[in-house]
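Peer 1: One file: protein.pdb (PDB, C-alpha atoms and all ligand atoms).
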ATOM      1  CA  MET A 608       5.472   9.499 -21.889
ATOM      2  CA  THR A 609       3.282   6.456 -22.683
ATOM      3  CA  GLU A 610       2.006   4.286 -19.821
ATOM      4  CA  GLY A 611       4.373   1.460 -20.885
ATOM      5  CA  ALA A 612       7.376   3.812 -20.929
ATOM      6  CA  ALA A 613       6.407   5.225 -17.496
ATOM      7  CA  GLN A 614       6.198   1.673 -16.105
ATOM      8  CA  ARG A 615       9.646   0.783 -17.545
ATOM      9  CA  HIS A 616      11.067   3.975 -16.028
ATOM     10  CA  LEU A 617       9.562   3.078 -12.625
ATOM     11  CA  ARG A 618      10.771  -0.532 -12.773
ATOM     12  CA  ALA A 619      14.319   0.706 -13.443
ATOM     13  CA  LEU A 620      14.086   2.911 -10.328
ATOM     14  CA  VAL A 621      13.152   0.055  -7.938
ATOM     15  CA  ARG A 622      16.348  -1.332  -6.395
ATOM     16  CA  ASP A 623      16.544  -4.979  -5.273
ATOM     17  CA  ILE A 624      18.402  -5.499  -1.973
ATOM     18  CA  PRO A 625      18.912  -9.269  -1.477
ATOM     19  CA  GLY A 626      19.100 -10.449   2.163
ATOM     20  CA  PHE A 627      17.478  -7.337   3.716
ATOM     21  CA  PRO A 628      16.188  -7.157   6.433
ATOM     22  CA  GLN A 629      16.970 -10.863   6.790
ATOM     23  CA  PRO A 630      18.321 -13.764   4.667
ATOM     24  CA  GLY A 631      15.884 -15.026   2.021
ATOM     25  CA  ILE A 632      14.099 -11.676   1.546
ATOM     26  CA  VAL A 633      14.687  -9.581  -1.593
ATOM     27  CA  PHE A 634      13.774  -6.090  -0.421
ATOM     28  CA  LYS A 635      12.239  -3.740  -2.999
ATOM     29  CA  ASP A 636      13.866  -0.378  -2.226
ATOM     30  CA  VAL A 637      11.718   2.459  -3.605
ATOM     31  CA  THR A 638      13.932   5.320  -2.369
ATOM     32  CA  PRO A 639      15.556   5.848  -5.834
ATOM     33  CA  LEU A 640      12.043   6.107  -7.336
ATOM     34  CA  LEU A 641      10.943   8.643  -4.689
ATOM     35  CA  ALA A 642      14.099  10.701  -5.298
ATOM     36  CA  ASP A 643      13.443  10.899  -9.051
ATOM     37  CA  PRO A 644      11.044  13.778  -9.925
ATOM     38  CA  LEU A 645       9.583  12.036 -12.982
ATOM     39  CA  GLY A 646       9.447   8.675 -11.173
ATOM     40  CA  LEU A 647       7.588  10.156  -8.205
ATOM     41  CA  ALA A 648       5.107  12.014 -10.412
ATOM     42  CA  SER A 649       4.388   9.016 -12.637
ATOM     43  CA  ALA A 650       4.050   6.624  -9.672
ATOM     44  CA  VAL A 651       1.307   8.852  -8.227
ATOM     45  CA  GLU A 652      -0.318   9.346 -11.644
ATOM     46  CA  LEU A 653      -0.391   5.626 -12.517
ATOM     47  CA  LEU A 654      -1.676   4.701  -9.047
ATOM     48  CA  ALA A 655      -4.435   7.317  -9.389
ATOM     49  CA  GLU A 656      -5.418   5.946 -12.825
ATOM     50  CA  LEU A 657      -5.708   2.422 -11.392
ATOM     51  CA  ALA A 658      -7.632   3.559  -8.321
ATOM     52  CA  ARG A 659     -10.024   6.146  -9.822
ATOM     53  CA  PRO A 660     -12.640   3.547 -10.942
ATOM     54  CA  PHE A 661     -13.029   2.493  -7.266
ATOM     55  CA  GLU A 662     -14.460   5.996  -6.612
ATOM     56  CA  PRO A 663     -13.025   6.237  -3.100
ATOM     57  CA  ASP A 664     -13.833   8.933  -0.533
ATOM     58  CA  VAL A 665     -10.766   8.085   1.550
ATOM     59  CA  VAL A 666      -7.363   6.426   1.037
ATOM     60  CA  ILE A 667      -6.016   4.404   3.979
ATOM     61  CA  GLY A 668      -2.318   3.558   4.330
ATOM     62  CA  ALA A 669      -0.179   1.953   7.025
ATOM     63  CA  GLU A 670       2.890   3.272   8.827
ATOM     64  CA  ALA A 671       5.444   3.746   7.532
ATOM     65  CA  ARG A 672       5.644   2.985   3.851
ATOM     66  CA  GLY A 673       1.946   3.497   3.111
ATOM     67  CA  PHE A 674       2.652   7.134   4.018
ATOM     68  CA  LEU A 675       5.155   7.574   1.175
ATOM     69  CA  LEU A 676       2.664   7.788  -1.692
ATOM     70  CA  GLY A 677      -0.692   7.508   0.134
ATOM     71  CA  PRO A 678      -1.310  11.232   0.820
ATOM     72  CA  ALA A 679      -0.166  12.216  -2.716
ATOM     73  CA  LEU A 680      -2.444   9.526  -4.158
ATOM     74  CA  ALA A 681      -5.349  10.780  -2.029
ATOM     75  CA  CYS A 682      -4.683  14.321  -3.247
ATOM     76  CA  ALA A 683      -4.644  13.180  -6.913
ATOM     77  CA  LEU A 684      -7.973  11.390  -6.361
ATOM     78  CA  GLY A 685      -9.556  14.313  -4.487
ATOM     79  CA  CYS A 686      -9.814  12.160  -1.321
ATOM     80  CA  GLY A 687      -8.751  12.463   2.284
ATOM     81  CA  PHE A 688      -6.024  10.231   3.780
ATOM     82  CA  ALA A 689      -6.506   8.073   6.896
ATOM     83  CA  LEU A 690      -3.398   6.888   8.720
ATOM     84  CA  ALA A 691      -3.025   3.500  10.339
ATOM     85  CA  ARG A 692      -0.173   3.568  12.844
ATOM     86  CA  LYS A 693       1.770   1.191  15.065
ATOM     87  CA  PRO A 694       0.197   0.659  18.529
ATOM     88  CA  GLY A 695       0.340   3.554  20.978
ATOM     89  CA  LYS A 696       1.176   6.279  18.451
ATOM     90  CA  LEU A 697      -2.288   7.772  17.881
ATOM     91  CA  PRO A 698      -3.554  10.097  20.630
ATOM     92  CA  HIS A 699      -7.354   9.775  20.219
ATOM     93  CA  THR A 700      -9.747   6.772  20.480
ATOM     94  CA  THR A 701      -8.597   3.966  18.183
ATOM     95  CA  VAL A 702      -9.691   0.674  16.632
ATOM     96  CA  ARG A 703      -7.046  -2.052  16.310
ATOM     97  CA  ALA A 704      -6.137  -4.971  13.993
ATOM     98  CA  GLU A 705      -3.375  -7.591  14.311
ATOM     99  CA  TYR A 706      -1.436  -8.611  11.170
ATOM    100  CA  GLN A 707       1.427 -10.702   9.842
ATOM    101  CA  LEU A 708       4.347  -9.439   7.755
ATOM    102  CA  GLU A 709       6.504 -11.379   5.320
ATOM    103  CA  TYR A 710       9.001 -11.057   8.200
ATOM    104  CA  GLY A 711       7.296 -10.846  11.644
ATOM    105  CA  THR A 712       3.959  -9.850  13.223
ATOM    106  CA  ASP A 713       2.558  -6.516  14.343
ATOM    107  CA  ALA A 714      -0.636  -4.530  14.963
ATOM    108  CA  LEU A 715      -2.132  -1.364  13.470
ATOM    109  CA  GLU A 716      -4.433   1.248  14.962
ATOM    110  CA  LEU A 717      -6.698   3.827  13.345
ATOM    111  CA  HIS A 718      -8.450   6.820  14.856
ATOM    112  CA  ALA A 719     -12.085   5.715  15.048
ATOM    113  CA  THR A 720     -13.167   9.153  13.790
ATOM    114  CA  SER A 721     -10.849   9.352  10.759
ATOM    115  CA  ILE A 722     -13.211   7.464   8.393
ATOM    116  CA  ALA A 723     -16.955   8.158   8.370
ATOM    117  CA  PRO A 724     -19.361   5.190   8.580
ATOM    118  CA  GLY A 725     -20.354   4.091   5.055
ATOM    119  CA  ALA A 726     -17.352   5.787   3.376
ATOM    120  CA  ARG A 727     -15.822   4.183   0.274
ATOM    121  CA  VAL A 728     -12.202   3.381   1.107
ATOM    122  CA  LEU A 729      -9.193   2.592  -1.075
ATOM    123  CA  VAL A 730      -6.500   0.511   0.667
ATOM    124  CA  HIS A 731      -2.995   1.510  -0.457
ATOM    125  CA  ASP A 732       0.551   0.377   0.325
ATOM    126  CA  ASP A 733       3.881   0.656  -1.502
ATOM    127  CA  VAL A 734       4.355  -3.137  -1.650
ATOM    128  CA  LEU A 735       1.867  -6.029  -1.568
ATOM    129  CA  ALA A 736       3.818  -9.022  -0.245
ATOM    130  CA  THR A 737       1.831 -11.671   1.703
ATOM    131  CA  GLY A 738      -1.227  -9.398   2.038
ATOM    132  CA  GLY A 739      -1.218  -9.360   5.855
ATOM    133  CA  THR A 740      -0.912  -5.572   6.134
ATOM    134  CA  ALA A 741      -3.635  -4.965   3.538
ATOM    135  CA  LEU A 742      -5.960  -7.443   5.299
ATOM    136  CA  ALA A 743      -5.396  -5.612   8.602
ATOM    137  CA  LEU A 744      -6.196  -2.292   6.905
ATOM    138  CA  ALA A 745      -9.416  -3.802   5.517
ATOM    139  CA  GLU A 746     -10.278  -5.017   9.041
ATOM    140  CA  LEU A 747      -9.795  -1.459  10.386
ATOM    141  CA  VAL A 748     -12.112  -0.138   7.646
ATOM    142  CA  ARG A 749     -14.783  -2.670   8.627
ATOM    143  CA  ALA A 750     -14.289  -1.809  12.322
ATOM    144  CA  VAL A 751     -15.427   1.773  11.618
ATOM    145  CA  ASP A 752     -18.410   0.537   9.501
ATOM    146  CA  ALA A 753     -16.950   1.761   6.218
ATOM    147  CA  GLN A 754     -16.397  -0.297   3.031
ATOM    148  CA  VAL A 755     -13.267  -1.220   1.063
ATOM    149  CA  THR A 756     -13.939  -0.564  -2.625
ATOM    150  CA  GLY A 757     -10.495  -1.598  -3.862
ATOM    151  CA  PHE A 758      -6.764  -2.087  -3.268
ATOM    152  CA  ALA A 759      -3.983  -0.219  -5.118
ATOM    153  CA  PHE A 760      -0.253  -0.927  -4.708
ATOM    154  CA  LEU A 761       2.849   0.435  -6.367
ATOM    155  CA  ILE A 762       4.482  -3.021  -6.333
ATOM    156  CA  GLU A 763       2.937  -6.494  -6.157
ATOM    157  CA  LEU A 764       5.163  -9.451  -5.329
ATOM    158  CA  ALA A 765       2.799 -11.853  -7.082
ATOM    159  CA  PHE A 766       4.781 -14.974  -6.099
ATOM    160  CA  LEU A 767       3.840 -14.377  -2.421
ATOM    161  CA  GLY A 768       0.101 -14.742  -3.121
ATOM    162  CA  GLY A 769      -1.129 -11.496  -1.523
ATOM    163  CA  ALA A 770      -3.810 -10.875  -4.171
ATOM    164  CA  GLU A 771      -5.221 -14.398  -3.570
ATOM    165  CA  ARG A 772      -5.495 -13.642   0.165
ATOM    166  CA  LEU A 773      -7.426 -10.456  -0.635
ATOM    167  CA  ALA A 774      -9.760 -12.224  -3.124
ATOM    168  CA  PRO A 775     -12.465 -11.652  -4.233
ATOM    169  CA  ALA A 776     -11.558  -7.962  -3.790
ATOM    170  CA  ASP A 777     -10.278  -5.994  -6.791
ATOM    171  CA  VAL A 778      -6.468  -5.697  -6.425
ATOM    172  CA  ARG A 779      -4.487  -3.439  -8.773
ATOM    173  CA  SER A 780      -0.768  -2.712  -8.921
ATOM    174  CA  VAL A 781       1.457  -0.500 -11.044
ATOM    175  CA  LEU A 782       4.387  -2.951 -11.106
ATOM    176  CA  ARG A 783       3.934  -6.703 -10.805
ATOM    177  CA  TYR A 784       6.851  -9.059 -10.111
ATOM    178  CA  SER A 785       6.211 -12.725 -10.801
ATOM    179  CA  GLY A 786       9.588 -14.004  -9.499
ATOM    180  CA  ASP A 787      11.945 -12.804  -6.744
TER     181      ASP A 787
HETATM  182  P1  LIG A 801       2.679  -7.866   3.595
HETATM  183  O1  LIG A 801       1.892  -7.543   4.810
HETATM  184  O2  LIG A 801       3.389  -9.182   3.704
HETATM  185  O3  LIG A 801       1.860  -7.761   2.319
HETATM  186  O4  LIG A 801       3.858  -6.798   3.506
HETATM  187  C1  LIG A 801       3.635  -5.525   3.060
HETATM  188  C2  LIG A 801       4.422  -4.510   3.829
HETATM  189  O5  LIG A 801       5.738  -4.959   4.184
HETATM  190  C3  LIG A 801       4.599  -3.261   3.012
HETATM  191  O6  LIG A 801       4.336  -2.162   3.863
HETATM  192  C4  LIG A 801       6.016  -3.275   2.567
HETATM  193  O7  LIG A 801       6.565  -2.004   2.777
HETATM  194  C5  LIG A 801       6.724  -4.305   3.422
HETATM  195  N1  LIG A 801       7.392  -5.358   2.630
HETATM  196  C6  LIG A 801       7.156  -6.686   2.730
HETATM  197  N2  LIG A 801       7.957  -7.388   1.939
HETATM  198  C7  LIG A 801       8.723  -6.500   1.291
HETATM  199  C8  LIG A 801       9.756  -6.603   0.306
HETATM  200  N3  LIG A 801      10.175  -7.788  -0.168
HETATM  201  N4  LIG A 801      10.311  -5.461  -0.151
HETATM  202  C9  LIG A 801       9.912  -4.269   0.328
HETATM  203  N5  LIG A 801       8.953  -4.104   1.257
HETATM  204  C10 LIG A 801       8.363  -5.200   1.735
END
I'd like the structure from this file rewritten - as structure tokens, please.
Ligand code: AMP
Peer 2:
Amino acid sequence: MTEGAAQRHLRALVRDIPGFPQPGIVFKDVTPLLADPLGLASAVELLAELARPFEPDVVIGAEARGFLLGPALACALGCGFALARKPGKLPHTTVRAEYQLEYGTDALELHATSIAPGARVLVHDDVLATGGTALALAELVRAVDAQVTGFAFLIELAFLGGAERLAPADVRSVLRYSGD
């Protein structure tokens, strides 16, 4: 399958749920894509192609939806995966960052030992909306003295301006939506 055909296949597998989890939000439901063998494989492959030039040592992703494709992406890139979790979930010494969602606020924690100082880190999530989660992940990377070399998302909701908030960092996404 060509890259264009794979992208069309993926786009057809992303289901829009208007008004979830609250009025005004159009939720991008990726569960049909994850359930489709070809969709899942090409999502990981296209993400890996976008992210390979960043030459990461580690992929970082946030609970919960950064865990969907993050470990598979890390595996395809020959990297490890570092998990950022909601407060109180990680048992060892953590660093912490506060962040804002398109709908609400929260915090993320990372085991201080899960990324080595100086490591090259790729920040990944399924969806880039306002960029708050990705900024918090970048803050966690800085807190352990490592460096973000790039950002790779399955879906970018470009009309919410997340990439502008992450500028001047290099932000890449498999599927870009310019309207809701
Ligand atoms: P943000 O921090 O605003 O960039 O939001 C990104 C996170 O929130 C991702 O982990 C997404 O899973 C989730 N998210 C935000 N908005 C949406 C949306 N419209 N559809 C699906 N997921 C979303």
Peer 1: What residues have any atom no more than 10 Å from ligand LIG 801 (chain A) when counting all atoms listed in the file, and can you list them as JSON, numbers by chain?
Peer 2: {"A": [621, 622, 623, 624, 625, 626, 627, 628, 631, 632, 633, 634, 635, 636, 637, 668, 669, 670, 671, 672, 673, 674, 675, 706, 707, 708, 709, 710, 711, 712, 713, 731, 732, 733, 734, 735, 736, 737, 738, 739, 740, 741, 742, 743, 744, 760, 762, 763, 764, 767, 768, 769, 770, 772, 787]}
Peer 1: Quote the spacing between CA of Val665 in chain A and CA of Ser780 in chain A in Å to one decimal place.
Peer 2: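 Computing the Euclidean distance for CA of Val665 in chain A and CA of Ser780 in chain A yields 18.1 Å.
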Peer 1: Anything within 9 Å of (8.4, 5.6, -5.5): list those residues as a ChimeraX atom specification, counting all atoms listed in the file and sticking to the file's coordinates.
Peer 2: /A:617,620-621,636-643,646-651,675-676,733,761
Peer 1: Go ahead and save the residues from that selection, with C-alpha atoms, as an mmCIF file, in the frame of the given file.
Peer 2:
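Wrote it out as part_7.cif, contents follow:
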data_model
loop_
_atom_site.group_PDB
_atom_site.id
_atom_site.type_symbol
_atom_site.label_atom_id
_atom_site.label_comp_id
_atom_site.auth_asym_id
_atom_site.auth_seq_id
_atom_site.Cartn_x
_atom_site.Cartn_y
_atom_site.Cartn_z
ATOM 1 C CA LEU A 617 9.562 3.078 -12.625
ATOM 2 C CA LEU A 620 14.086 2.911 -10.328
ATOM 3 C CA VAL A 621 13.152 0.055 -7.938
ATOM 4 C CA ASP A 636 13.866 -0.378 -2.226
ATOM 5 C CA VAL A 637 11.718 2.459 -3.605
ATOM 6 C CA THR A 638 13.932 5.320 -2.369
ATOM 7 C CA PRO A 639 15.556 5.848 -5.834
ATOM 8 C CA LEU A 640 12.043 6.107 -7.336
ATOM 9 C CA LEU A 641 10.943 8.643 -4.689
ATOM 10 C CA ALA A 642 14.099 10.701 -5.298
ATOM 11 C CA ASP A 643 13.443 10.899 -9.051
ATOM 12 C CA GLY A 646 9.447 8.675 -11.173
ATOM 13 C CA LEU A 647 7.588 10.156 -8.205
ATOM 14 C CA ALA A 648 5.107 12.014 -10.412
ATOM 15 C CA SER A 649 4.388 9.016 -12.637
ATOM 16 C CA ALA A 650 4.050 6.624 -9.672
ATOM 17 C CA VAL A 651 1.307 8.852 -8.227
ATOM 18 C CA LEU A 675 5.155 7.574 1.175
ATOM 19 C CA LEU A 676 2.664 7.788 -1.692
ATOM 20 C CA ASP A 733 3.881 0.656 -1.502
ATOM 21 C CA LEU A 761 2.849 0.435 -6.367
#
Peer 1: Apply the PyMOL selection byres (((chain A and resi 661) around 8) and not hetatm) to the structure shown and report the selected residues as a ChimeraX atom specification.
Peer 2: /A:658-660,662-663,729,756-757
Peer 1: How far is it from CA of Val751 in chain A to CA of Ala681 in chain A, in Å with one decimal?
Peer 2: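 The value is 19.2 Å.
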Peer 1: Which value, in Å to one decimal, gives the distance between CA of Asp752 in chain A and CA of His718 in chain A?
Peer 2: 12.9 Å
Peer 1: Taking (-5.1, -2.7, -10.8) in the coordinates of the supplied file, I want to know which residues reach to within 6 Å of it, counting only C-alpha atoms; could you give the answer as a PyMOL selection string?
Peer 2: chain A and resi 657+778-780
Peer 1: Between A:Glu705, A:Pro775, A:Phe758, A:Gln614, single out the one closest to Val666 in chain A, counting all atoms listed in the file.
Peer 2: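 Among A:Glu705, A:Pro775, A:Phe758, A:Gln614, it is A:Phe758 that comes nearest to Val666 in chain A.
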Peer 1: Between A:Arg692, A:Arg727, A:His699, A:Arg749, which has the minimum distance to Ala714 in chain A (counting all atoms listed in the file)?
Peer 2: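 Closest candidate: A:Arg692.
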Peer 1: Nearest residue to Arg615 in chain A out of A:Ser721, A:Ala704, A:Arg783, A:Ala745, using all atoms listed in the file?
Peer 2: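 Using all atoms listed in the file, Arg615 in chain A sits closest to A:Arg783.
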Peer 1: Closest to Leu690 in chain A among A:Ala719, A:Ala765, A:Ala750, A:Ala619, using all atoms listed in the file?
Peer 2: A:Ala719
Peer 1: Looking at A:Leu773, A:Ala689, A:Ile667, A:Leu715, which one is nearest to Arg703 in chain A, with distances taken over only C-alpha atoms?
Peer 2: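 For Arg703 in chain A, the nearest of the candidates is A:Leu715.
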Peer 1: Nearest residue to Ala613 in chain A out of A:Tyr784, A:Gln629, A:Asp777, A:Leu654, using only C-alpha atoms?
Peer 2: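 Among the listed residues, the smallest separation from Ala613 in chain A belongs to A:Leu654.
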Peer 1: How big is the axis-aligned box, and where does its centre sit, when it encloses all atoms of range 764-770 of chain A listed in the file and has 5 Å added on every side, reported in Å to one decimal as JSON?
Peer 2:
{"center_x": 0.7, "center_y": -12.2, "center_z": -4.3, "size_x": 19.0, "size_y": 15.5, "size_z": 15.6}
